[in-house]
Amino acid sequence: MLVNESHAIPPSMGGRERIVQNAFQAATQAHIKFEDSFTCHAFNLFNSKGLFLGDDPLNFSVPLILLQLTLMSLFTGFFIFLLKPLGQLYMISHILGGLTLGPSILGRDSEFAKRVFPPKGKWVLDTFAFFGLMMVVFLVGVKIDPTIIYRSGKRTLAMGVLGFIIPYSLAQTVAFIISQFFPLDLDISETLPIVVAIASMTAFPVITCFLAELQILNSEIGRLASSSSLVCDIFHWLVMGVQFASRLAHKESIGLCFELFLATSLLISFIMFVVRRAALWAIRHTPEGEPVKEIYIFGVLVTFLISGFVGQVLGIHVYLVSFVLGLAIPDGPPLGAALVDKIDCFVSVVFQPIIFIVCGLRTDVFAIKDLRSVGAIHLIIFVAFCGKIVAVLLPLLLCRMPFRDALSLGFVMNCKGIVELALLIDWKLDNIMSEEFYAIMILSVMLVTGIVAPVVKLLYDPSRRFLAYKRRTLLHHSHNEPLRILACIHKPDNVLAILNLLAASNPNLKSPIDLAVLHLVKLAGRASSLLVVHVPRENTPRKQPTESEKIFNVFMKFEHERGGLVTLCCYKGISPYETMHNDVCYMALENRVNFIIIPFQKKWIYGRKPVVSFPFKHLTKNVLEKAPCSVGVLVDRGNQQNFWCDHFNREPIYQLAVFFFGGADDREALALARRMLEQPSVYITLVHFSSSTEIVAGTERSKMLDTQMLCEFRLSAFRNERVSYKEVRVMGARDVLSTVEDMDNVSDLLMVGRRHGDSSLISELTKWKDGELGTVGEILASLDIGAKTSVLVVQQQTRVWGLRDPEESTQLTSERIETCGV
């Protein structure tokens with residue numbers, strides 16, 4: 001190519017630009033011949049000196065990329081604000097932001113495209129995007145637990161295998177028919193196998209991100225989708241690898257294919273046998289509860305960079321190397337969680353959105369000329385979409401899963417995201433596909449994901465299945481049946497108060513306690529949630545017990561000391577704080593629990609105000625709203641006696657006070673106190689608040705139930721020296737507060753109902769304190785009423801199938817009240 005074109009030098013041009021321009025003019029005047037076309041860019045133009053010194057900021061890299069990032073943030077933020085109420089994912093908003101800035105809308109203005117997104121600016125963004133994609137793939141590998149495949153049941157394996165084979169076969173058949181019998185452009189017909197590959201794949205990283213954004217990661221279909229998508233992903237890449245090897249052997253030689261396979265195997269073997277062992281060594285030398293040393297994090301990141309470079313030298317795709325290296329790092333604490341904590345925020349906030357935006361920036365919707373190509377591609381995608389739904393429905397319906405949940409899972413498995421977009425843009429830069437085909441595929445990915453997200457939100461509500469079909473309360477529990485309790489633990493500090501409460505709850509031969517203990521752990525350094533039964537292992541000097549094992553060992557000792565009166569089953573749930581309540585409610589439903597005990601996580605500082613833990617506050621609120629049984633929120637101040645383990649050595653005393661205002665929740669609290677009457681070491685004080693006016697609002701039926709419950713409790717406690725009854729007449733909120741303060745250092749536990757009907761007294765108390773524990777519960781939890789006094793706020797079951805009024809199943813007659821002597 002002969003370059004023979006003169007260029008005038010503007011007087012305002014900077015010195016460095018003048019040098020470049022002069023060199024270019026000298027080359028053209030000397031009639032230098034170049035073998036290929038090129039674009040000339042000035043070099044060393046990074047920081048601008050400003051307009052006042054004659055520099056154009058957009059000719060410099062730093063101000064240019066700052067402007068690009070600013071525009072991207074503004075446009076994507078606008079689309080997020082616009083589309084979030086419609087249930088759309090952030091990915092759609094980011095791609096639309098890129099489309100707006102790209103050649104589809106604003107980029108059609110040649111001056112805008114030349115100034116704001118010149119070729120040199122796009123190269124910087126592409127470099128950001130592809131390095132970010134390496135980091136995303138690496139983090140996905142770190143978060144994956146490969147053993148999930150071994151733990152997967154037949155249902156999950158069937159879904160994963162059929163979820164790839166059926167849509168792939170159907171899409172391949174339709175693509176063959178279209179290419180043989182319908183006239184299409186040569187570029188489109190040759191790239192139909194790409195449509196088949198994209199339409200039939202179910203990428204594990206995409207599915208887990210989708211589930212996390214919809215907050216259903218630890219729901220039933222969330223766990224099924226995570227494990228089955230991993231199986232489906234493995235099958236997909238095996239098939240794609242075989243096809244790539246066969247094409248390479250056909251175009252080049254079998255020897256080259258073998259050399260590439262050998263190089264890949266050697267690099268992967270080094271990562272799995274050397275890097276993984278080094279990671280396990282670092283984990284062994286990190287004490288439990290201690291932060292990972294910075295040198296270990298630094299070593300992993302350097303290994304990541306070196307592995308990527310070696311992969312490029314050997315001709316191995318950098319994404320494969322990044323993913324395998326991530327798999328070599330054990331998921332979860334300490335090392336995997338530390339890596340995710342260090343770099344996940346930056347990757348997900350900066351790099352990942354740039355990947356989506358770059359996809360939109362390179363999309364030109366006006367390149368789509370032939371509607372027949374659009375129809376053919378969307379027909380293949382539609383057939384694969386339906387095939388994947390059928391493949392998911394078949395095993396799930398055979399396992400008798402509700403059709404609505406199975407259909408929701410079928411839609412989830414069709415979700416597309418960052419993996420599909422990365423493949424498309426990679427093929428686009430390698431000139432494997434045309435501008436038209438690339439634009440059609442980007443729009444197709446957006447269409448599929450844009451349909452799937454709101455449909456899944458509409459079809460699937462994980463809390464819907466927590467609706468119980470019978471009363472599961474302490475009040476309606478038969479005295480001749482086991483009492484089923486679920487105890488939730490966040491950390492070892494919660495154990496003592498819960499064990500004391502369980503010991504005081506009087507497990508006996510007629511009504512033993514079936515206890516389920518659930519250790520709730522925040523999801524960190526993992527891609528999928530986990531809910532498993534704890535299997536005890538033999539403790540060896542090299543294997544110190546984990547935090548979960550320490551907690552479970554104490555409850556096992558409690559079970560052993562009760563001599564068959566307590567039956568224990570331990571579980572560990574790892575999930576995000578936002579959806580942790582799903583594990584609690586699911587366990588309560590599966591174990592037919594009557595009562596959930598959940599600790600109220602506040603950091604108690606003696607002599608100061610408590611510090612609220614907002615994630616646990618959100619968890620408590622959701623459990624109270626969605627639990628299929630009664631709930632007790634235990635506020636522990638951390639200075640309790642060891643009542644549960646001193647029971648057989650001496651005669652300890654456990655002081656209990658019950659505050660009764662009226663209502664279903666107060667009756668539930670009194671039902672628990674009634675069960676404790678037969679425990680010889682428990683001393684109970686019932687404080688009944690009354691007033692000349694209405695103490696709490698409620699129906700006449702509710703007031704009759706209150707009267708019945710009080711008189712039955714007094715009859716049960718008749719001539720019992722361990723029970724005392726106090727009736728306190730109050731005129732206002734200050735009388736209630738003074739009564740509460742009189743309990744200072746007297747009781748080990750105060751019990752009260754969570755909800756009380758509105759009245760003048762309750763309204764006055766609400767001005768003092770109100771929150772998720774209810775008006776009275778919040779007051780008891782916040783007042784300084786003694787360092788050892790804990791509070792149990794009780795809520796009776798609120799969700800019962802077919803009952804508008806949860807109290808309507810309770811039978812009451814006036815004759816029974818008269819029998820009590822009221």
# chains A, B, ... in the order shown; residues from 1 in each chain; ligands from 1
>>> residues_around(residues="His476 (chain A)", least_positions_apart="3", cutoff="9 Å", atoms="only C-alpha atoms", output="list in words")
Arg471, Arg472, Thr473, Ala671 and Thr810 of chain A
>>> atom_distance(atom1="CA of Val730 (chain A)", atom2="CA of Gly771 (chain A)")
22.9 Å
>>> residues_around(residues="Asp126 (chain A)", least_positions_apart="2", cutoff="10 Å", atoms="only C-alpha atoms", output="NGL selection string")
:A and (120-124 or 128-132 or 354-355 or 358-359 or 425)
>>> residues_around(residues="region 554-561 of chain A", least_positions_apart="2", cutoff="12 Å", atoms="only C-alpha atoms", output="compact mmCIF listing (two decimals) with all heavy atoms, in the first residue's frame")
# COMPACT_ATOMS: atom_id res chain seq x y z
N ALA A 487 -32.76 -25.42 66.75
CA ALA A 487 -31.89 -24.43 67.37
C ALA A 487 -30.90 -23.92 66.34
O ALA A 487 -30.12 -24.70 65.79
CB ALA A 487 -31.15 -25.02 68.57
N ILE A 489 -27.65 -21.63 65.30
CA ILE A 489 -26.42 -21.15 65.92
C ILE A 489 -25.65 -20.33 64.90
O ILE A 489 -25.44 -20.76 63.76
CB ILE A 489 -25.54 -22.33 66.41
CG1 ILE A 489 -26.34 -23.27 67.31
CG2 ILE A 489 -24.31 -21.80 67.12
CD1 ILE A 489 -26.73 -22.68 68.63
N PRO A 492 -20.12 -19.87 68.49
CA PRO A 492 -20.12 -20.61 69.76
C PRO A 492 -20.71 -19.85 70.93
O PRO A 492 -21.20 -20.47 71.90
CB PRO A 492 -18.62 -20.90 69.98
CG PRO A 492 -18.03 -20.93 68.61
CD PRO A 492 -18.80 -19.89 67.84
N ASP A 493 -20.69 -18.52 70.91
CA ASP A 493 -21.25 -17.74 72.02
C ASP A 493 -22.74 -17.97 72.20
O ASP A 493 -23.29 -17.69 73.28
CB ASP A 493 -21.00 -16.25 71.79
CG ASP A 493 -19.51 -15.90 71.82
OD1 ASP A 493 -18.73 -16.75 72.29
OD2 ASP A 493 -19.14 -14.81 71.36
N ASN A 494 -23.42 -18.46 71.16
CA ASN A 494 -24.87 -18.68 71.26
C ASN A 494 -25.23 -19.97 71.98
O ASN A 494 -26.39 -20.16 72.35
CB ASN A 494 -25.50 -18.73 69.86
CG ASN A 494 -25.17 -17.52 69.01
OD1 ASN A 494 -24.93 -17.63 67.81
ND2 ASN A 494 -25.13 -16.34 69.62
N VAL A 495 -24.26 -20.86 72.17
CA VAL A 495 -24.56 -22.23 72.60
C VAL A 495 -25.09 -22.29 74.03
O VAL A 495 -26.10 -22.95 74.31
CB VAL A 495 -23.32 -23.12 72.44
CG1 VAL A 495 -23.57 -24.50 73.04
CG2 VAL A 495 -22.95 -23.24 70.97
N LEU A 496 -24.45 -21.60 74.98
CA LEU A 496 -24.79 -21.76 76.40
C LEU A 496 -26.23 -21.36 76.69
O LEU A 496 -26.97 -22.09 77.34
CB LEU A 496 -23.82 -20.92 77.25
CG LEU A 496 -24.08 -20.94 78.76
CD1 LEU A 496 -24.03 -22.36 79.29
CD2 LEU A 496 -23.08 -20.04 79.48
N ILE A 498 -28.79 -21.21 74.70
CA ILE A 498 -29.75 -22.14 74.07
C ILE A 498 -29.80 -23.45 74.84
O ILE A 498 -30.88 -24.02 75.05
CB ILE A 498 -29.36 -22.35 72.60
CG1 ILE A 498 -29.62 -21.07 71.80
CG2 ILE A 498 -30.13 -23.52 71.99
CD1 ILE A 498 -29.24 -21.16 70.34
N LEU A 499 -28.66 -23.96 75.27
CA LEU A 499 -28.65 -25.20 76.05
C LEU A 499 -29.38 -25.03 77.38
O LEU A 499 -30.09 -25.94 77.83
CB LEU A 499 -27.21 -25.66 76.28
CG LEU A 499 -26.50 -26.30 75.07
CD1 LEU A 499 -25.06 -26.60 75.41
CD2 LEU A 499 -27.23 -27.57 74.64
N ASN A 500 -29.20 -23.90 78.04
CA ASN A 500 -29.94 -23.65 79.28
C ASN A 500 -31.44 -23.64 79.03
O ASN A 500 -32.22 -24.18 79.83
CB ASN A 500 -29.50 -22.32 79.89
CG ASN A 500 -28.14 -22.40 80.55
OD1 ASN A 500 -27.64 -23.48 80.86
ND2 ASN A 500 -27.50 -21.25 80.76
N LEU A 502 -33.03 -25.18 76.59
CA LEU A 502 -33.46 -26.55 76.28
C LEU A 502 -33.54 -27.40 77.55
O LEU A 502 -34.47 -28.19 77.71
CB LEU A 502 -32.48 -27.18 75.28
CG LEU A 502 -32.49 -26.60 73.87
CD1 LEU A 502 -31.33 -27.17 73.06
CD2 LEU A 502 -33.81 -26.87 73.17
N ALA A 503 -32.57 -27.25 78.43
CA ALA A 503 -32.59 -28.01 79.68
C ALA A 503 -33.79 -27.62 80.54
O ALA A 503 -34.41 -28.48 81.19
CB ALA A 503 -31.29 -27.79 80.45
N PRO A 507 -37.29 -31.96 78.94
CA PRO A 507 -37.43 -33.21 78.17
C PRO A 507 -37.73 -34.36 79.12
O PRO A 507 -37.07 -34.52 80.16
CB PRO A 507 -36.05 -33.36 77.52
CG PRO A 507 -35.11 -32.55 78.35
CD PRO A 507 -35.93 -31.43 78.92
N PRO A 512 -40.31 -36.34 74.98
CA PRO A 512 -38.89 -36.01 74.78
C PRO A 512 -38.73 -34.90 73.75
O PRO A 512 -39.69 -34.48 73.10
CB PRO A 512 -38.29 -37.33 74.28
CG PRO A 512 -39.44 -38.04 73.64
CD PRO A 512 -40.67 -37.65 74.41
N ILE A 513 -37.52 -34.44 73.60
CA ILE A 513 -37.22 -33.36 72.65
C ILE A 513 -36.45 -33.93 71.46
O ILE A 513 -35.39 -34.56 71.64
CB ILE A 513 -36.41 -32.23 73.31
CG1 ILE A 513 -37.29 -31.50 74.34
CG2 ILE A 513 -35.89 -31.24 72.27
CD1 ILE A 513 -36.57 -30.38 75.07
N ASP A 514 -36.99 -33.74 70.27
CA ASP A 514 -36.27 -34.03 69.03
C ASP A 514 -35.60 -32.73 68.60
O ASP A 514 -36.27 -31.80 68.14
CB ASP A 514 -37.22 -34.53 67.93
CG ASP A 514 -37.66 -35.96 68.17
OD1 ASP A 514 -37.07 -36.61 69.04
OD2 ASP A 514 -38.60 -36.42 67.50
N LEU A 515 -34.30 -32.68 68.76
CA LEU A 515 -33.56 -31.44 68.56
C LEU A 515 -32.78 -31.47 67.25
O LEU A 515 -32.02 -32.42 66.99
CB LEU A 515 -32.59 -31.22 69.73
CG LEU A 515 -31.68 -29.99 69.65
CD1 LEU A 515 -32.50 -28.71 69.64
CD2 LEU A 515 -30.70 -29.99 70.83
N ALA A 516 -32.97 -30.46 66.45
CA ALA A 516 -32.17 -30.25 65.24
C ALA A 516 -31.35 -28.97 65.45
O ALA A 516 -31.90 -27.92 65.77
CB ALA A 516 -33.05 -30.11 64.01
N VAL A 517 -30.04 -29.07 65.29
CA VAL A 517 -29.14 -27.93 65.45
C VAL A 517 -28.63 -27.53 64.07
O VAL A 517 -28.09 -28.37 63.34
CB VAL A 517 -27.96 -28.27 66.38
CG1 VAL A 517 -27.00 -27.10 66.47
CG2 VAL A 517 -28.48 -28.64 67.76
N LEU A 518 -28.80 -26.27 63.73
CA LEU A 518 -28.38 -25.76 62.42
C LEU A 518 -27.34 -24.67 62.63
O LEU A 518 -27.64 -23.60 63.17
CB LEU A 518 -29.59 -25.21 61.65
CG LEU A 518 -29.29 -24.54 60.30
CD1 LEU A 518 -28.64 -25.53 59.34
CD2 LEU A 518 -30.57 -23.97 59.70
N HIS A 519 -26.11 -24.94 62.21
CA HIS A 519 -25.05 -23.93 62.27
C HIS A 519 -25.10 -23.11 60.99
O HIS A 519 -24.86 -23.62 59.89
CB HIS A 519 -23.68 -24.60 62.42
CG HIS A 519 -22.55 -23.62 62.56
ND1 HIS A 519 -21.24 -23.91 62.25
CD2 HIS A 519 -22.55 -22.33 63.02
CE1 HIS A 519 -20.49 -22.86 62.48
NE2 HIS A 519 -21.26 -21.89 62.95
N HIS A 534 -24.36 -33.14 59.44
CA HIS A 534 -23.01 -33.29 60.01
C HIS A 534 -22.75 -34.75 60.32
O HIS A 534 -23.55 -35.43 60.99
CB HIS A 534 -22.89 -32.47 61.30
CG HIS A 534 -21.63 -32.75 62.07
ND1 HIS A 534 -20.39 -32.39 61.61
CD2 HIS A 534 -21.45 -33.36 63.27
CE1 HIS A 534 -19.48 -32.76 62.50
NE2 HIS A 534 -20.09 -33.35 63.51
N PRO A 536 -20.02 -37.05 62.21
CA PRO A 536 -18.85 -36.95 63.10
C PRO A 536 -17.66 -37.69 62.51
O PRO A 536 -17.78 -38.72 61.85
CB PRO A 536 -19.34 -37.61 64.40
CG PRO A 536 -20.83 -37.57 64.32
CD PRO A 536 -21.17 -37.67 62.87
N GLU A 547 -14.97 -25.09 63.74
CA GLU A 547 -15.91 -24.37 64.59
C GLU A 547 -17.24 -25.10 64.66
O GLU A 547 -17.85 -25.21 65.73
CB GLU A 547 -16.11 -22.95 64.06
CG GLU A 547 -17.02 -22.11 64.93
CD GLU A 547 -17.19 -20.69 64.41
OE1 GLU A 547 -17.85 -20.54 63.36
OE2 GLU A 547 -16.66 -19.76 65.04
N SER A 548 -17.70 -25.63 63.54
CA SER A 548 -18.96 -26.38 63.53
C SER A 548 -18.86 -27.61 64.41
O SER A 548 -19.79 -27.92 65.17
CB SER A 548 -19.33 -26.77 62.09
OG SER A 548 -19.58 -25.64 61.29
N GLU A 549 -17.74 -28.32 64.32
CA GLU A 549 -17.58 -29.54 65.13
C GLU A 549 -17.53 -29.21 66.61
O GLU A 549 -18.06 -29.97 67.44
CB GLU A 549 -16.31 -30.27 64.68
CG GLU A 549 -16.44 -30.90 63.31
CD GLU A 549 -15.13 -31.48 62.81
OE1 GLU A 549 -14.06 -30.96 63.20
OE2 GLU A 549 -15.17 -32.44 62.03
N LYS A 550 -16.91 -28.11 66.97
CA LYS A 550 -16.89 -27.71 68.39
C LYS A 550 -18.31 -27.45 68.89
O LYS A 550 -18.67 -27.84 70.02
CB LYS A 550 -16.03 -26.47 68.57
CG LYS A 550 -14.54 -26.69 68.32
CD LYS A 550 -13.76 -25.38 68.42
CE LYS A 550 -12.29 -25.60 68.11
NZ LYS A 550 -11.52 -24.32 68.14
N ILE A 551 -19.11 -26.78 68.08
CA ILE A 551 -20.50 -26.49 68.47
C ILE A 551 -21.29 -27.78 68.60
O ILE A 551 -21.99 -28.02 69.60
CB ILE A 551 -21.14 -25.55 67.45
CG1 ILE A 551 -20.51 -24.16 67.51
CG2 ILE A 551 -22.65 -25.45 67.67
CD1 ILE A 551 -20.93 -23.23 66.40
N PHE A 552 -21.18 -28.64 67.60
CA PHE A 552 -21.95 -29.88 67.61
C PHE A 552 -21.51 -30.82 68.73
O PHE A 552 -22.34 -31.56 69.29
CB PHE A 552 -21.83 -30.59 66.25
CG PHE A 552 -22.39 -29.80 65.10
CD1 PHE A 552 -21.87 -29.92 63.83
CD2 PHE A 552 -23.46 -28.94 65.29
CE1 PHE A 552 -22.39 -29.19 62.76
CE2 PHE A 552 -23.99 -28.21 64.25
CZ PHE A 552 -23.44 -28.33 62.98
N GLY A 563 -29.66 -38.92 78.50
CA GLY A 563 -29.99 -40.35 78.54
C GLY A 563 -31.21 -40.75 77.74
O GLY A 563 -32.11 -41.40 78.29
N GLY A 564 -31.29 -40.37 76.49
CA GLY A 564 -32.40 -40.76 75.63
C GLY A 564 -33.58 -39.82 75.65
O GLY A 564 -34.54 -40.03 74.89
N LEU A 565 -33.56 -38.80 76.49
CA LEU A 565 -34.67 -37.84 76.53
C LEU A 565 -34.53 -36.78 75.42
O LEU A 565 -35.47 -36.03 75.17
CB LEU A 565 -34.72 -37.15 77.89
CG LEU A 565 -34.95 -38.07 79.10
CD1 LEU A 565 -35.00 -37.25 80.37
CD2 LEU A 565 -36.22 -38.88 78.92
N VAL A 566 -33.35 -36.71 74.82
CA VAL A 566 -33.09 -35.77 73.72
C VAL A 566 -32.49 -36.54 72.55
O VAL A 566 -31.54 -37.31 72.73
CB VAL A 566 -32.13 -34.64 74.16
CG1 VAL A 566 -31.78 -33.74 72.97
CG2 VAL A 566 -32.75 -33.81 75.28
N THR A 567 -33.08 -36.36 71.38
CA THR A 567 -32.56 -36.95 70.15
C THR A 567 -32.01 -35.83 69.28
O THR A 567 -32.71 -34.86 68.99
CB THR A 567 -33.66 -37.70 69.38
OG1 THR A 567 -34.23 -38.69 70.24
CG2 THR A 567 -33.08 -38.38 68.15
N LEU A 568 -30.75 -35.95 68.88
CA LEU A 568 -30.05 -34.85 68.22
C LEU A 568 -29.73 -35.17 66.78
O LEU A 568 -29.36 -36.30 66.43
CB LEU A 568 -28.74 -34.55 68.98
CG LEU A 568 -27.82 -33.48 68.39
CD1 LEU A 568 -28.48 -32.11 68.47
CD2 LEU A 568 -26.47 -33.47 69.12
N CYS A 569 -29.86 -34.15 65.91
CA CYS A 569 -29.40 -34.22 64.53
C CYS A 569 -28.80 -32.86 64.19
O CYS A 569 -29.45 -31.82 64.40
CB CYS A 569 -30.54 -34.58 63.58
SG CYS A 569 -29.96 -34.99 61.92
N CYS A 570 -27.58 -32.86 63.66
CA CYS A 570 -26.85 -31.61 63.42
C CYS A 570 -26.72 -31.34 61.92
O CYS A 570 -26.50 -32.26 61.13
CB CYS A 570 -25.46 -31.68 64.04
SG CYS A 570 -25.48 -31.90 65.84
N TYR A 571 -26.85 -30.08 61.57
CA TYR A 571 -26.76 -29.65 60.17
C TYR A 571 -25.87 -28.42 60.08
O TYR A 571 -25.76 -27.64 61.03
CB TYR A 571 -28.15 -29.30 59.60
CG TYR A 571 -29.15 -30.41 59.64
CD1 TYR A 571 -29.93 -30.62 60.79
CD2 TYR A 571 -29.35 -31.26 58.56
CE1 TYR A 571 -30.85 -31.64 60.85
CE2 TYR A 571 -30.28 -32.28 58.60
CZ TYR A 571 -31.03 -32.47 59.75
OH TYR A 571 -31.96 -33.47 59.80
N ASN A 642 -23.99 -22.11 83.97
CA ASN A 642 -24.04 -23.38 83.25
C ASN A 642 -25.14 -24.26 83.83
O ASN A 642 -24.88 -25.29 84.46
CB ASN A 642 -22.69 -24.10 83.33
CG ASN A 642 -21.64 -23.40 82.50
OD1 ASN A 642 -21.93 -22.92 81.41
ND2 ASN A 642 -20.43 -23.34 83.02
N PHE A 643 -26.37 -23.84 83.64
CA PHE A 643 -27.49 -24.58 84.22
C PHE A 643 -27.61 -25.98 83.64
O PHE A 643 -27.87 -26.94 84.35
CB PHE A 643 -28.78 -23.79 83.98
CG PHE A 643 -30.04 -24.55 84.31
CD1 PHE A 643 -30.38 -24.80 85.62
CD2 PHE A 643 -30.85 -25.04 83.30
CE1 PHE A 643 -31.52 -25.51 85.93
CE2 PHE A 643 -31.99 -25.74 83.60
CZ PHE A 643 -32.33 -25.98 84.92
N TRP A 644 -27.40 -26.12 82.34
CA TRP A 644 -27.66 -27.40 81.67
C TRP A 644 -26.68 -28.50 82.10
O TRP A 644 -27.07 -29.66 82.25
CB TRP A 644 -27.59 -27.24 80.16
CG TRP A 644 -26.19 -27.02 79.62
CD1 TRP A 644 -25.54 -25.86 79.50
CD2 TRP A 644 -25.31 -28.04 79.14
NE1 TRP A 644 -24.29 -26.05 78.98
CE2 TRP A 644 -24.12 -27.40 78.73
CE3 TRP A 644 -25.40 -29.43 79.02
CZ2 TRP A 644 -23.03 -28.10 78.22
CZ3 TRP A 644 -24.32 -30.12 78.50
CH2 TRP A 644 -23.15 -29.47 78.10
N CYS A 645 -25.39 -28.14 82.35
CA CYS A 645 -24.42 -29.19 82.68
C CYS A 645 -24.25 -29.36 84.18
O CYS A 645 -23.64 -30.33 84.62
CB CYS A 645 -23.07 -28.89 82.03
SG CYS A 645 -22.34 -27.33 82.50
N ASP A 646 -24.78 -28.43 85.00
CA ASP A 646 -24.71 -28.59 86.45
C ASP A 646 -25.94 -29.31 87.00
O ASP A 646 -26.03 -29.55 88.20
CB ASP A 646 -24.62 -27.21 87.14
CG ASP A 646 -23.26 -26.57 86.88
OD1 ASP A 646 -22.33 -27.32 86.55
OD2 ASP A 646 -23.17 -25.33 87.00
N HIS A 647 -26.85 -29.68 86.09
CA HIS A 647 -28.13 -30.23 86.54
C HIS A 647 -27.95 -31.54 87.31
O HIS A 647 -28.69 -31.82 88.26
CB HIS A 647 -29.03 -30.45 85.32
CG HIS A 647 -30.36 -31.03 85.66
ND1 HIS A 647 -31.31 -30.31 86.35
CD2 HIS A 647 -30.91 -32.24 85.40
CE1 HIS A 647 -32.39 -31.07 86.51
NE2 HIS A 647 -32.17 -32.24 85.93
N PHE A 648 -26.96 -32.36 86.93
CA PHE A 648 -26.81 -33.67 87.56
C PHE A 648 -25.77 -33.65 88.69
O PHE A 648 -25.61 -34.62 89.39
CB PHE A 648 -26.39 -34.72 86.51
CG PHE A 648 -27.47 -34.98 85.49
CD1 PHE A 648 -27.38 -34.43 84.21
CD2 PHE A 648 -28.57 -35.76 85.79
CE1 PHE A 648 -28.37 -34.67 83.27
CE2 PHE A 648 -29.56 -36.00 84.85
CZ PHE A 648 -29.46 -35.45 83.60
N ASN A 649 -25.04 -32.54 88.82
CA ASN A 649 -24.02 -32.48 89.85
C ASN A 649 -24.52 -31.82 91.13
O ASN A 649 -24.11 -32.16 92.23
CB ASN A 649 -22.80 -31.71 89.33
CG ASN A 649 -22.19 -32.40 88.11
OD1 ASN A 649 -22.24 -33.62 88.00
ND2 ASN A 649 -21.64 -31.59 87.20
>>> select_by_dssp(residues="region 672-701 of chain A", states="strand (DSSP E)", output="number ranges by chain")
A: 682-690
>>> write_last_selection(atoms="all heavy atoms", output="short mmCIF file (atom, residue, chain, number, x, y, z; two decimals), in the first residue's frame")
data_model
loop_
_atom_site.label_atom_id
_atom_site.label_comp_id
_atom_site.auth_asym_id
_atom_site.auth_seq_id
_atom_site.Cartn_x
_atom_site.Cartn_y
_atom_site.Cartn_z
N VAL A 682 -36.53 -25.28 88.01
CA VAL A 682 -36.99 -24.06 87.37
C VAL A 682 -37.99 -23.36 88.29
O VAL A 682 -38.97 -23.98 88.74
CB VAL A 682 -37.61 -24.35 86.00
CG1 VAL A 682 -38.16 -23.06 85.38
CG2 VAL A 682 -36.58 -24.97 85.07
N TYR A 683 -37.76 -22.10 88.56
CA TYR A 683 -38.66 -21.28 89.36
C TYR A 683 -39.28 -20.24 88.43
O TYR A 683 -38.57 -19.50 87.73
CB TYR A 683 -37.91 -20.59 90.50
CG TYR A 683 -37.53 -21.54 91.61
CD1 TYR A 683 -36.50 -22.47 91.43
CD2 TYR A 683 -38.20 -21.53 92.83
CE1 TYR A 683 -36.14 -23.35 92.44
CE2 TYR A 683 -37.86 -22.40 93.85
CZ TYR A 683 -36.83 -23.31 93.64
OH TYR A 683 -36.50 -24.20 94.66
N ILE A 684 -40.62 -20.17 88.44
CA ILE A 684 -41.35 -19.36 87.47
C ILE A 684 -42.12 -18.26 88.19
O ILE A 684 -42.80 -18.51 89.20
CB ILE A 684 -42.32 -20.23 86.64
CG1 ILE A 684 -41.54 -21.33 85.91
CG2 ILE A 684 -43.09 -19.37 85.65
CD1 ILE A 684 -42.42 -22.31 85.18
N THR A 685 -42.02 -17.07 87.64
CA THR A 685 -42.82 -15.94 88.10
C THR A 685 -43.66 -15.44 86.93
O THR A 685 -43.11 -15.04 85.90
CB THR A 685 -41.93 -14.80 88.61
OG1 THR A 685 -41.12 -15.27 89.70
CG2 THR A 685 -42.77 -13.62 89.08
N LEU A 686 -44.97 -15.49 87.08
CA LEU A 686 -45.88 -15.00 86.05
C LEU A 686 -46.36 -13.61 86.45
O LEU A 686 -46.98 -13.43 87.51
CB LEU A 686 -47.07 -15.95 85.89
CG LEU A 686 -48.18 -15.48 84.95
CD1 LEU A 686 -47.66 -15.24 83.53
CD2 LEU A 686 -49.34 -16.48 84.94
N VAL A 687 -46.07 -12.63 85.62
CA VAL A 687 -46.48 -11.24 85.87
C VAL A 687 -47.58 -10.91 84.87
O VAL A 687 -47.33 -10.84 83.66
CB VAL A 687 -45.30 -10.27 85.71
CG1 VAL A 687 -45.75 -8.84 85.99
CG2 VAL A 687 -44.16 -10.66 86.65
N HIS A 688 -48.80 -10.75 85.41
CA HIS A 688 -49.94 -10.44 84.56
C HIS A 688 -50.25 -8.95 84.68
O HIS A 688 -50.60 -8.45 85.75
CB HIS A 688 -51.16 -11.28 84.98
CG HIS A 688 -52.39 -10.95 84.21
ND1 HIS A 688 -53.66 -11.05 84.76
CD2 HIS A 688 -52.56 -10.52 82.93
CE1 HIS A 688 -54.55 -10.68 83.85
NE2 HIS A 688 -53.90 -10.37 82.74
N PHE A 689 -50.12 -8.24 83.55
CA PHE A 689 -50.42 -6.81 83.53
C PHE A 689 -51.91 -6.61 83.24
O PHE A 689 -52.45 -7.20 82.31
CB PHE A 689 -49.58 -6.10 82.45
CG PHE A 689 -48.12 -6.07 82.76
CD1 PHE A 689 -47.27 -7.08 82.31
CD2 PHE A 689 -47.58 -5.04 83.51
CE1 PHE A 689 -45.92 -7.04 82.59
CE2 PHE A 689 -46.22 -4.99 83.79
CZ PHE A 689 -45.38 -6.00 83.33
N SER A 690 -52.52 -5.77 84.05
CA SER A 690 -53.93 -5.46 83.84
C SER A 690 -54.13 -3.96 84.02
O SER A 690 -53.26 -3.25 84.52
CB SER A 690 -54.82 -6.24 84.82
OG SER A 690 -54.51 -5.89 86.16
#
